[in-house]
Amino acid sequence: MVGVGIVAAALTLVFKQYKPEYAMMVSLCCTVLFFGVLLGEMVPAFAMMRQAAEQTGVSASYVKILLKCLGVCYLTETGSQICKEAGQTSAAFQLELCGRVMILLLTLPLFERLLEIVVALLK
């Protein structure tokens with residue numbers, strides 16, 4: 001993957017001089033390739049997390065929330081970096097803000113459960 005990254009970076013630099021639109025496409029293709037490989041490599045880790053949750057009695061819905069939040073983090077950061085590379089810093093900031101809000105929305109069930117536990121302990 002390091003080799004692919006270096007070749008993609010070199011191609012991006014060459015294309016940036018002559019055809020900037022191609023440079024962006026090389027960067028996007030490389031990003032998609034890396035993300036696909038990463039997801040393939042993460043499958044055993046996801047299975048291990050699911051197994052650990054079952055053994056400890058943690059609800060599978062909590063593990064799903066965690067994995068969704070991780071996905072939002074990675075996608076938001078990747079999208080933000082691509083926007084910054086394209087010179088769109090305002091769009092990058094807005095994308096990061098959307099990612100933070102999505103994480104907040106995804107974790108609302110956890111906060112609700114936490115409040116239920118606190119209220120039960122106070123009674």
# chains A, B, ... in the order shown; residues from 1 in each chain; ligands from 1
call {"tool": "residues_around", "arguments": {"residues": "range 5-14 of chain A", "least_positions_apart": "5", "cutoff": "9 Å", "atoms": "only C-alpha atoms", "output": "list of chain:residue names"}}
result
A:Lys19, A:Pro20, A:Tyr22, A:Ala23, A:Met24, A:Met25, A:Val26, A:Ser27, A:Cys29, A:Cys30, A:Phe34
call {"tool": "residues_around", "arguments": {"residues": "range 63-77 of chain A", "least_positions_apart": "6", "cutoff": "8 Å", "atoms": "only C-alpha atoms", "output": "PyMOL selection string"}}
result
chain A and resi 49-50+53+95-96+99+102-103+106-107
call {"tool": "write_last_selection", "arguments": {"atoms": "N, CA and C atoms", "output": "PDB file, in the first residue's frame"}}
result
ATOM      1  N   MET A  49     -14.591  -7.757  18.050  1.00  0.00           N
ATOM      2  CA  MET A  49     -15.363  -6.828  18.885  1.00  0.00           C
ATOM      3  C   MET A  49     -16.737  -7.407  19.209  1.00  0.00           C
ATOM      4  N   ARG A  50     -17.376  -8.000  18.201  1.00  0.00           N
ATOM      5  CA  ARG A  50     -18.693  -8.602  18.411  1.00  0.00           C
ATOM      6  C   ARG A  50     -18.594  -9.735  19.427  1.00  0.00           C
ATOM      7  N   ALA A  53     -18.071  -8.379  22.910  1.00  0.00           N
ATOM      8  CA  ALA A  53     -19.315  -7.816  23.431  1.00  0.00           C
ATOM      9  C   ALA A  53     -20.243  -8.916  23.922  1.00  0.00           C
ATOM     10  N   LEU A  95     -17.860  20.048   6.522  1.00  0.00           N
ATOM     11  CA  LEU A  95     -17.914  18.586   6.547  1.00  0.00           C
ATOM     12  C   LEU A  95     -17.533  18.063   7.931  1.00  0.00           C
ATOM     13  N   GLU A  96     -16.505  18.637   8.524  1.00  0.00           N
ATOM     14  CA  GLU A  96     -16.104  18.235   9.870  1.00  0.00           C
ATOM     15  C   GLU A  96     -17.206  18.524  10.880  1.00  0.00           C
ATOM     16  N   GLY A  99     -19.864  15.926  10.527  1.00  0.00           N
ATOM     17  CA  GLY A  99     -19.418  14.674  11.133  1.00  0.00           C
ATOM     18  C   GLY A  99     -19.593  14.693  12.643  1.00  0.00           C
ATOM     19  N   MET A 102     -23.258  14.341  13.429  1.00  0.00           N
ATOM     20  CA  MET A 102     -23.709  12.968  13.206  1.00  0.00           C
ATOM     21  C   MET A 102     -23.281  12.053  14.346  1.00  0.00           C
ATOM     22  N   ILE A 103     -22.075  12.238  14.853  1.00  0.00           N
ATOM     23  CA  ILE A 103     -21.615  11.429  15.978  1.00  0.00           C
ATOM     24  C   ILE A 103     -22.462  11.714  17.212  1.00  0.00           C
ATOM     25  N   LEU A 106     -25.716   9.935  16.701  1.00  0.00           N
ATOM     26  CA  LEU A 106     -25.564   8.480  16.838  1.00  0.00           C
ATOM     27  C   LEU A 106     -25.435   8.049  18.301  1.00  0.00           C
ATOM     28  N   THR A 107     -24.834   8.896  19.128  1.00  0.00           N
ATOM     29  CA  THR A 107     -24.587   8.509  20.518  1.00  0.00           C
ATOM     30  C   THR A 107     -25.717   8.893  21.463  1.00  0.00           C
TER      31      THR A 107
END
call {"tool": "closest_residue", "arguments": {"among": "A:Val4, A:Ala91, A:Leu104, A:Leu114", "to": "Leu33 in chain A", "atoms": "only C-alpha atoms"}}
result
A:Val4
call {"tool": "atom_distance", "arguments": {"atom1": "CA of Ser80 in chain A", "atom2": "CA of Leu97 in chain A"}}
result
10.1 Å
call {"tool": "atom_distance", "arguments": {"atom1": "CA of Glu85 in chain A", "atom2": "CA of Leu28 in chain A"}}
result
10.7 Å
